[in-house]
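K.L.:
Below: one structure in structure tokens.
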Amino acid sequence: MSGRETGLAAPAAESAAAPAPPPRGDRLVSRVARVRELGIVVALVLLFAVTGAVNPGFLSPDSLRDILLNSSIVAVLAIGQTLVVITRNVDLSVSSVVGLSAFGGALVLADHPGVPAPLVIAGCVLLGALCGAVNGLLVGVAAVPALVATLGTLYAFRGVDYAWAGGRQVNAADMPEGFLALGSASVLGLPLLALVALAVLLAVGWALRNLPPGRELYAIGSNPEAAVLAGIRVRRRVVAAFVASGALAGLAGAMWAARFGTVDATVATGKELDVIAAVVVGGVAIFGGSGTVYGAVLGAVLLASISSALAVLRVDALAQTAINGALIITAIVLDRVLALRVAAALRRRRYRDAA
Amino acid sequence: MTTRTPWRRLALLTGLALMATACAGTTRSDVTQQTSAPAAPASSAAADPNAPIKQGLKIAFLPKQVNNPYFTIADEGGIAALKEVGGEGKEVGPSEASASSQVSYINTLTQQKQDAIVISANDPNAVVPALKQARAAGIKVVSYDSDTAPEGRDLFVNQASAEDLGRTEVQLLAEQIGFKGKIAILSATPNATNQNTWIEFMKDELSKPEYKDMELVKVAYGNDEDQKSFTETQGLLRSYPDLAGIISPTTVGIAAAARYLSSSPHKGKVKLTGLGTPNQLRKFVKDGTIEGFELWNPGDLGYLAGYAAAALASGQITGAEGEKFKAGKLGEYTIGPKGEILLGKPTVFTKDNIDDFDF
């Protein structure tokens, strides 16, 4: 368990290491080794090194830009999902919320070109938050298991989307140029969508680490009964986590519309599994209580990099899905092995220091 | 100690998954059991070219997936055709284009005693047992867009011959790149029947002497998903920096590739062509990403399939080669070999004519 960020206990563990300060170099090593996301970073570096060796074009600025852009939507979704997963719940409905919000946003832009883009994006976020509130109330208040509740809303929201769209497709030509430009624009050489994901990451990451409600999410996931006894308002926090996940899915919907330009009711179908894979690969415990949004975003980047690498390496199409799965499992195993080794090393050092 | 509950939850999840699989299994085997019983009694009647179209025909259109704009247009065409002959058409179908999902719809339509089913098969074989059962119950089956195995249907309305499409797409791209350079294909899924047939004809066309300076370097598969098609397009440009052109014979693929190219430095330099709808690609034709692409008119396809189904259900035709029937505004059609009807040659859309089309 050491090296993981475990709820309220984590800051305490950090300060416990203080009394006998090891030499400076050692301290740096142990700092780095404690970073839960180390394994995934190693996996990313390996992937880039191997692919880059075969085709240097993979490491070109254009290619890196594409990978950032490819991962930004799933990254935003993974951040929202992490909030929910930390509380020992899961939100399967995110892909349908993305679909609903992308279609809603695109439809407004196509039929009412006068509505300013920021207003449409805010509307998308609000629509997503509403969907999240439905999930949150089902899980937090009606006490329906999250797996079942969000599986239900996965179909329900998609159904609403189908009924609303009625087979209609909004095309790039129907949407204002200014909105579409958001999907392909760059600021300081970085894709705008990736910067949006980065901003969300930093904000949520900071809040999870430093704000009491953020710490309480970990406490709820570590031990729900104890969280109740500790006076944490569990229901309220769980509802809030779902609303946040929904709002981020709404934002991701707007990003989807801007990026792909062609929107119909099937947008993002099946993406929920990519998102959950990113979260799990990123070291967020699927049964709650530990993990960070940084890990989840790295997971999203790793998954996007794997598919880009497979495309660049000219891997046979029929084998791609299987190889993709094998690489994901390899990354998780690598991460696990590294975590165990680091834990063992830290334990050994503690004995040595104590002696 | 907290790990105990989670495992239980995992067990529940596995249990659910198993149950779902079990259910799917039952549906399939039910179908097989029932179909093995009765022999087809209906198809024995002889054709009567002068038989009037029956009034009040109930005909269902079962596309690969509903909410796909292409099928929406096609099925609207079919429903319009039925209105013209005094019948009633409706569109039903799965929201996901998977092979097994169409089976339960076919079973329901059989129970509803429709006069005909017009289907675009997600998988040529998976739907055959259910379709045989429908035919045994006297329901006529017309496939359109994507054929089933021949024993599953009476007629296939072919949007354009695979040969025409494959060859014309190569011709279109060859003219754009001056018959010279490396080209790639961005297809849908690796096992899509129609895609693979077109690709075979593209390869055959490319083997002709006039294309000796063109080389097909890769067939990539975007699985008809936006993100995957994006990634595959990027991969093509990355692994073949001197790529001259891409053919994408799928509407999702060409739109994703166009969107990527339009915002990349390759815009206009790497030529893109293939099959798409005018509304979807209007922006990219106007901004110079695409010079020209082609497609049949899906509305006409559904319209012709609707007329064919009505003619079958009224006994005008039986699906034998050489039989003729009238298809409203499209004129007279003759059934070709293997029960196929050919819609006609595809239309090429460029910036000069794209505004004449709205679908």
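Please note that chains go A, B, ... in the order of the structure tokens, that every chain numbers its residues from 1, and that ligands are numbered from 1 in the order shown.
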Can you check which parts of chain A lie within 9 Å of chain B? Per residue, the shortest pair of atoms and distance in Å to one decimal, counting only C-alpha atoms, sorted by chain and number, as JSON lines.
P.N.:
{"residue": "A:Asn55", "atom": "CA", "partner": "B:Ser239", "partner_atom": "CA", "distance": 7.2}
{"residue": "A:Gly57", "atom": "CA", "partner": "B:Arg238", "partner_atom": "CA", "distance": 6.0}
{"residue": "A:Phe58", "atom": "CA", "partner": "B:Arg238", "partner_atom": "CA", "distance": 6.9}
{"residue": "A:Ser63", "atom": "CA", "partner": "B:Arg238", "partner_atom": "CA", "distance": 7.5}
{"residue": "A:Asp66", "atom": "CA", "partner": "B:Gln234", "partner_atom": "CA", "distance": 7.7}
{"residue": "A:Ile67", "atom": "CA", "partner": "B:Thr231", "partner_atom": "CA", "distance": 8.6}
{"residue": "A:Asn70", "atom": "CA", "partner": "B:Gln227", "partner_atom": "CA", "distance": 7.4}
{"residue": "A:Leu147", "atom": "CA", "partner": "B:Leu13", "partner_atom": "CA", "distance": 8.6}
{"residue": "A:Tyr162", "atom": "CA", "partner": "B:Asn67", "partner_atom": "CA", "distance": 6.7}
{"residue": "A:Ala165", "atom": "CA", "partner": "B:Asn67", "partner_atom": "CA", "distance": 7.6}
{"residue": "A:Gly166", "atom": "CA", "partner": "B:Asn67", "partner_atom": "CA", "distance": 6.5}
{"residue": "A:Gly167", "atom": "CA", "partner": "B:Asn67", "partner_atom": "CA", "distance": 3.9}
{"residue": "A:Arg168", "atom": "CA", "partner": "B:Pro69", "partner_atom": "CA", "distance": 6.1}
{"residue": "A:Gln169", "atom": "CA", "partner": "B:Pro69", "partner_atom": "CA", "distance": 6.1}
{"residue": "A:Val170", "atom": "CA", "partner": "B:Gln280", "partner_atom": "CA", "distance": 8.0}
{"residue": "A:Asn171", "atom": "CA", "partner": "B:Gln280", "partner_atom": "CA", "distance": 5.1}
{"residue": "A:Ala172", "atom": "CA", "partner": "B:Lys283", "partner_atom": "CA", "distance": 6.3}
{"residue": "A:Ala173", "atom": "CA", "partner": "B:Lys283", "partner_atom": "CA", "distance": 4.7}
{"residue": "A:Asp174", "atom": "CA", "partner": "B:Lys283", "partner_atom": "CA", "distance": 8.5}
{"residue": "A:Ala181", "atom": "CA", "partner": "B:Ser263", "partner_atom": "CA", "distance": 8.7}
{"residue": "A:Ser184", "atom": "CA", "partner": "B:Ser263", "partner_atom": "CA", "distance": 6.2}
{"residue": "A:Ala185", "atom": "CA", "partner": "B:Ser263", "partner_atom": "CA", "distance": 8.5}
{"residue": "A:Ser222", "atom": "CA", "partner": "B:Thr2", "partner_atom": "CA", "distance": 7.9}
{"residue": "A:Asn223", "atom": "CA", "partner": "B:Thr2", "partner_atom": "CA", "distance": 7.4}
{"residue": "A:Arg259", "atom": "CA", "partner": "B:Arg259", "partner_atom": "CA", "distance": 8.2}
{"residue": "A:Phe260", "atom": "CA", "partner": "B:Arg259", "partner_atom": "CA", "distance": 6.5}
{"residue": "A:Gly261", "atom": "CA", "partner": "B:Arg259", "partner_atom": "CA", "distance": 7.1}
{"residue": "A:Thr262", "atom": "CA", "partner": "B:Gln280", "partner_atom": "CA", "distance": 7.1}
{"residue": "A:Asp264", "atom": "CA", "partner": "B:Asn67", "partner_atom": "CA", "distance": 7.4}
{"residue": "A:Ala265", "atom": "CA", "partner": "B:Asn67", "partner_atom": "CA", "distance": 6.4}
{"residue": "A:Thr266", "atom": "CA", "partner": "B:Asn67", "partner_atom": "CA", "distance": 7.2}
{"residue": "A:Val267", "atom": "CA", "partner": "B:Asp226", "partner_atom": "CA", "distance": 8.3}
{"residue": "A:Ala268", "atom": "CA", "partner": "B:Asp226", "partner_atom": "CA", "distance": 8.4}
{"residue": "A:Thr269", "atom": "CA", "partner": "B:Glu96", "partner_atom": "CA", "distance": 8.8}
{"residue": "A:Ile286", "atom": "CA", "partner": "B:Pro6", "partner_atom": "CA", "distance": 8.8}
{"residue": "A:Phe287", "atom": "CA", "partner": "B:Pro6", "partner_atom": "CA", "distance": 6.1}
{"residue": "A:Ala304", "atom": "CA", "partner": "B:Thr231", "partner_atom": "CA", "distance": 8.7}
{"residue": "A:Ser307", "atom": "CA", "partner": "B:Thr231", "partner_atom": "CA", "distance": 7.2}
{"residue": "A:Ser308", "atom": "CA", "partner": "B:Thr231", "partner_atom": "CA", "distance": 5.8}
{"residue": "A:Ala309", "atom": "CA", "partner": "B:Gly235", "partner_atom": "CA", "distance": 7.7}
{"residue": "A:Leu310", "atom": "CA", "partner": "B:Gly235", "partner_atom": "CA", "distance": 8.1}
{"residue": "A:Ala311", "atom": "CA", "partner": "B:Gly235", "partner_atom": "CA", "distance": 4.7}
{"residue": "A:Val312", "atom": "CA", "partner": "B:Gly235", "partner_atom": "CA", "distance": 4.4}
{"residue": "A:Leu313", "atom": "CA", "partner": "B:Ser239", "partner_atom": "CA", "distance": 7.4}
{"residue": "A:Arg314", "atom": "CA", "partner": "B:Ser239", "partner_atom": "CA", "distance": 7.6}
{"residue": "A:Asp316", "atom": "CA", "partner": "B:Ala220", "partner_atom": "CA", "distance": 8.6}
{"residue": "A:Ala317", "atom": "CA", "partner": "B:Tyr221", "partner_atom": "CA", "distance": 6.4}
{"residue": "A:Leu318", "atom": "CA", "partner": "B:Pro190", "partner_atom": "CA", "distance": 6.6}
K.L.:
Quick one: write out the picked residues with N, CA and C atoms as a short mmCIF file (atom, residue, chain, number, x, y, z; two decimals), in the first residue's frame?
P.N.:
data_model
loop_
_atom_site.label_atom_id
_atom_site.label_comp_id
_atom_site.auth_asym_id
_atom_site.auth_seq_id
_atom_site.Cartn_x
_atom_site.Cartn_y
_atom_site.Cartn_z
N ASN A 55 10.16 4.32 -36.20
CA ASN A 55 9.75 5.40 -37.08
C ASN A 55 9.92 6.74 -36.37
N GLY A 57 9.42 9.57 -37.15
CA GLY A 57 8.32 10.50 -37.36
C GLY A 57 7.35 10.53 -36.19
N PHE A 58 7.31 9.42 -35.43
CA PHE A 58 6.40 9.34 -34.29
C PHE A 58 6.74 10.37 -33.22
N SER A 63 3.38 14.95 -34.59
CA SER A 63 2.85 13.70 -34.09
C SER A 63 2.51 13.80 -32.61
N ASP A 66 -0.64 15.64 -32.22
CA ASP A 66 -1.79 14.79 -32.52
C ASP A 66 -2.14 13.89 -31.35
N ILE A 67 -1.11 13.34 -30.70
CA ILE A 67 -1.38 12.42 -29.59
C ILE A 67 -2.03 13.17 -28.43
N ASN A 70 -5.52 13.74 -29.45
CA ASN A 70 -6.29 12.50 -29.42
C ASN A 70 -6.68 12.11 -28.00
N LEU A 147 -23.06 0.61 -10.42
CA LEU A 147 -22.91 -0.18 -11.64
C LEU A 147 -24.26 -0.33 -12.35
N TYR A 162 -31.14 9.54 -29.16
CA TYR A 162 -31.70 9.00 -30.40
C TYR A 162 -33.02 9.65 -30.73
N ALA A 165 -32.45 13.26 -31.80
CA ALA A 165 -31.80 13.40 -33.11
C ALA A 165 -32.71 12.90 -34.22
N GLY A 166 -33.43 11.81 -33.96
CA GLY A 166 -34.31 11.25 -34.99
C GLY A 166 -33.58 11.02 -36.30
N GLY A 167 -32.33 10.59 -36.23
CA GLY A 167 -31.59 10.27 -37.43
C GLY A 167 -30.89 11.46 -38.06
N ARG A 168 -31.04 12.62 -37.45
CA ARG A 168 -30.41 13.80 -38.04
C ARG A 168 -28.91 13.83 -37.74
N GLN A 169 -28.16 14.38 -38.68
CA GLN A 169 -26.73 14.53 -38.49
C GLN A 169 -26.38 16.00 -38.67
N VAL A 170 -25.57 16.53 -37.76
CA VAL A 170 -25.10 17.91 -37.92
C VAL A 170 -23.71 17.83 -38.52
N ASN A 171 -23.51 18.51 -39.65
CA ASN A 171 -22.24 18.42 -40.36
C ASN A 171 -21.39 19.65 -40.14
N ALA A 172 -20.11 19.52 -40.51
CA ALA A 172 -19.17 20.61 -40.29
C ALA A 172 -19.67 21.90 -40.93
N ALA A 173 -20.31 21.78 -42.11
CA ALA A 173 -20.74 22.98 -42.82
C ALA A 173 -21.87 23.71 -42.08
N ASP A 174 -22.57 22.97 -41.18
CA ASP A 174 -23.70 23.58 -40.46
C ASP A 174 -23.25 24.40 -39.27
N ALA A 181 -13.09 26.04 -35.13
CA ALA A 181 -11.68 26.41 -34.98
C ALA A 181 -11.18 26.06 -33.58
N SER A 184 -9.40 22.78 -33.48
CA SER A 184 -8.11 22.56 -34.14
C SER A 184 -7.10 23.66 -33.83
N ALA A 185 -7.52 24.66 -33.00
CA ALA A 185 -6.62 25.79 -32.74
C ALA A 185 -5.48 25.39 -31.81
N SER A 222 -12.32 4.70 0.90
CA SER A 222 -11.51 3.78 1.71
C SER A 222 -12.39 2.94 2.61
N ASN A 223 -13.35 3.58 3.23
CA ASN A 223 -14.21 2.86 4.16
C ASN A 223 -15.50 3.65 4.39
N ARG A 259 -14.18 19.22 -32.31
CA ARG A 259 -13.06 18.50 -32.88
C ARG A 259 -13.44 17.74 -34.15
N PHE A 260 -14.55 16.97 -34.08
CA PHE A 260 -14.87 16.09 -35.20
C PHE A 260 -15.79 16.74 -36.22
N GLY A 261 -16.56 17.73 -35.80
CA GLY A 261 -17.34 18.49 -36.77
C GLY A 261 -18.53 17.75 -37.34
N THR A 262 -18.55 16.43 -37.28
CA THR A 262 -19.69 15.66 -37.75
C THR A 262 -20.32 15.00 -36.53
N ASP A 264 -23.71 13.01 -34.86
CA ASP A 264 -25.05 12.43 -34.88
C ASP A 264 -25.28 11.78 -33.51
N ALA A 265 -26.36 11.01 -33.40
CA ALA A 265 -26.74 10.51 -32.08
C ALA A 265 -25.83 9.38 -31.59
N THR A 266 -24.97 8.87 -32.43
CA THR A 266 -24.13 7.74 -31.99
C THR A 266 -22.78 8.19 -31.45
N VAL A 267 -22.57 9.50 -31.36
CA VAL A 267 -21.28 10.03 -30.93
C VAL A 267 -20.81 9.37 -29.63
N ALA A 268 -19.55 8.96 -29.63
CA ALA A 268 -18.87 8.46 -28.41
C ALA A 268 -19.41 7.13 -27.90
N THR A 269 -20.23 6.43 -28.69
CA THR A 269 -20.73 5.13 -28.24
C THR A 269 -19.57 4.21 -27.87
N ILE A 286 -9.94 0.52 -8.60
CA ILE A 286 -11.32 0.45 -9.09
C ILE A 286 -12.28 0.29 -7.92
N PHE A 287 -11.77 -0.15 -6.74
CA PHE A 287 -12.66 -0.27 -5.59
C PHE A 287 -12.51 0.89 -4.63
N ALA A 304 -4.04 6.56 -25.80
CA ALA A 304 -4.02 7.24 -27.10
C ALA A 304 -2.70 6.99 -27.80
N SER A 307 -2.67 3.49 -29.42
CA SER A 307 -3.36 3.35 -30.71
C SER A 307 -2.61 4.10 -31.81
N SER A 308 -2.04 5.27 -31.49
CA SER A 308 -1.26 5.97 -32.51
C SER A 308 -0.05 5.16 -32.93
N ALA A 309 0.63 4.56 -31.93
CA ALA A 309 1.83 3.78 -32.23
C ALA A 309 1.48 2.60 -33.13
N LEU A 310 0.36 1.94 -32.83
CA LEU A 310 -0.03 0.78 -33.65
C LEU A 310 -0.31 1.21 -35.08
N ALA A 311 -0.91 2.40 -35.24
CA ALA A 311 -1.20 2.89 -36.59
C ALA A 311 0.10 3.22 -37.32
N VAL A 312 1.05 3.84 -36.60
CA VAL A 312 2.31 4.24 -37.22
C VAL A 312 3.18 3.02 -37.55
N LEU A 313 3.13 2.02 -36.67
CA LEU A 313 3.98 0.84 -36.86
C LEU A 313 3.45 -0.10 -37.94
N ARG A 314 2.33 0.28 -38.58
CA ARG A 314 1.73 -0.52 -39.66
C ARG A 314 1.39 -1.92 -39.19
N ASP A 316 -0.79 -5.09 -38.44
CA ASP A 316 -1.92 -5.66 -39.16
C ASP A 316 -3.23 -5.32 -38.44
N ALA A 317 -4.22 -4.83 -39.22
CA ALA A 317 -5.45 -4.31 -38.64
C ALA A 317 -6.19 -5.37 -37.82
N LEU A 318 -6.16 -6.61 -38.30
CA LEU A 318 -6.92 -7.64 -37.61
C LEU A 318 -6.32 -7.95 -36.24
#
K.L.:
List the neighbours of Gly288 of chain A out to 7 Å using only C-alpha atoms; skip same-chain residues closer than 2 positions along the sequence, and give me the result as a short mmCIF file (atom, residue, chain, number, x, y, z; two decimals) with N, CA and C atoms, in the first residue's frame.
P.N.:
data_model
loop_
_atom_site.label_atom_id
_atom_site.label_comp_id
_atom_site.auth_asym_id
_atom_site.auth_seq_id
_atom_site.Cartn_x
_atom_site.Cartn_y
_atom_site.Cartn_z
N VAL A 85 -14.86 7.12 -9.12
CA VAL A 85 -14.26 5.83 -8.76
C VAL A 85 -13.62 5.89 -7.37
N ILE A 86 -13.03 7.04 -7.02
CA ILE A 86 -12.41 7.19 -5.70
C ILE A 86 -13.42 6.93 -4.59
N THR A 87 -14.70 7.29 -4.83
CA THR A 87 -15.72 7.07 -3.80
C THR A 87 -16.28 5.65 -3.83
N ARG A 88 -15.60 4.74 -4.49
CA ARG A 88 -16.02 3.35 -4.63
C ARG A 88 -17.33 3.25 -5.43
N GLY A 221 -14.31 6.40 -0.07
CA GLY A 221 -13.96 5.21 -0.84
C GLY A 221 -13.15 4.20 -0.04
N SER A 222 -12.32 4.70 0.90
CA SER A 222 -11.51 3.78 1.71
C SER A 222 -12.39 2.94 2.61
N ALA A 285 -7.50 2.91 -7.93
CA ALA A 285 -8.05 1.63 -7.51
C ALA A 285 -9.53 1.58 -7.87
N ILE A 286 -9.94 0.52 -8.60
CA ILE A 286 -11.32 0.45 -9.09
C ILE A 286 -12.28 0.29 -7.92
N SER A 290 -8.20 5.20 -3.45
CA SER A 290 -6.85 5.64 -3.79
C SER A 290 -6.69 5.91 -5.28
#
K.L.:
Give me, as a PyMOL selection string, all polymer residues having an atom no more than 10 Å from segment 192-201 of chain B, counting only C-alpha atoms and skipping those fewer than 6 positions away in the same chain.
P.N.:
chain B and resi 121-124+145-148+161-170+185-186+207+219+223+247-250
K.L.:
Under the rule that only C-alpha atoms are counted, which of A:Ile323, A:Ile332, A:Leu211, A:Leu64 is the nearest residue to Gly299 of chain A?
P.N.:
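Nearest to Gly299 of chain A: A:Ile332.
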K.L.:
Taking the chain letters and numbering used in this document, name the residues of segment 132-345 of chain B that DSSP puts in strand (DSSP E or B), as a PyMOL selection string.
P.N.:
chain B and resi 140-144+155-158+181-187+214-221+243-248+271-275+292-295+324-326+332-334+340-342
K.L.:
So which one's closest to Leu343 of chain B, B:Ala47, B:Leu82, B:Leu275, B:Val157? Using only C-alpha atoms, please.
P.N.:
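Of all the options, B:Val157 lies closest to Leu343 of chain B.
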K.L.:
Give me the residues near Val200 of chain A as a PyMOL selection string, where near means some atom within 9 Å (using only C-alpha atoms) and where sequence neighbours in that chain fewer than 4 positions away do not count.
P.N.:
chain A and resi 76+79+195-196+204-205+248
K.L.:
Do a neighbour search on Arg233 of chain A at 10 Å with only C-alpha atoms, toss out local chain neighbours closer than 6 positions, and write the hits as a ChimeraX atom specification.
P.N.:
/A:213,216,220,227
K.L.:
Show me, as a list in words, the residues that have an atom within 10 Å of Val85 of chain B when counting only C-alpha atoms, minus same-chain residues fewer than 3 positions from it.
P.N.:
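Neighbouring residues, sequence-local ones excluded: Pro52, Ile53, Lys54, Gln55, Gly56, Leu57, Ala80, Ala81, Leu82, Glu88, Gly306, Tyr307, Ala310, Ala311 and Gly328 of chain B.
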K.L.:
When you draw a straight line from atom CA of Gly295 of chain A to atom CA of Ser72 of chain A, how long is it in Å?
P.N.:
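Distance reported for this atom pair: 14.0 Å.
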K.L.:
Can you list, as a list of chain:residue names, every protein, DNA or RNA residue that comes within 8 Å of Ile177 of chain B when you count only C-alpha atoms, leaving out same-chain residues fewer than 5 positions away?
P.N.:
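Skipping anything fewer than 5 positions along the chain leaves B:Ala244, B:Gly245, B:Lys271.
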K.L.:
Extract the full set of helix (DSSP H, G or I) residues from segment 182-354 of chain B according to DSSP on the backbone, and format it as number ranges by chain.
P.N.:
B: 193-206, 209-211, 226-239, 251-262, 278-286, 298-313, 328-330, 337-339, 354
K.L.:
May I ask for the distance between atom CA of Ala136 of chain B and atom CA of Asp115 of chain B, given in Å to one decimal place?
P.N.:
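Atom-to-atom, atom CA of Ala136 of chain B to atom CA of Asp115 of chain B, that is 12.3 Å.
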K.L.:
Kindly give the distance, in Å, that separates atom CA of Asn107 of chain B and atom CA of Tyr303 of chain B, rounded to a single decimal.
P.N.:
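Taking atom CA of Asn107 of chain B as the start and atom CA of Tyr303 of chain B as the end point, the length is 24.1 Å.
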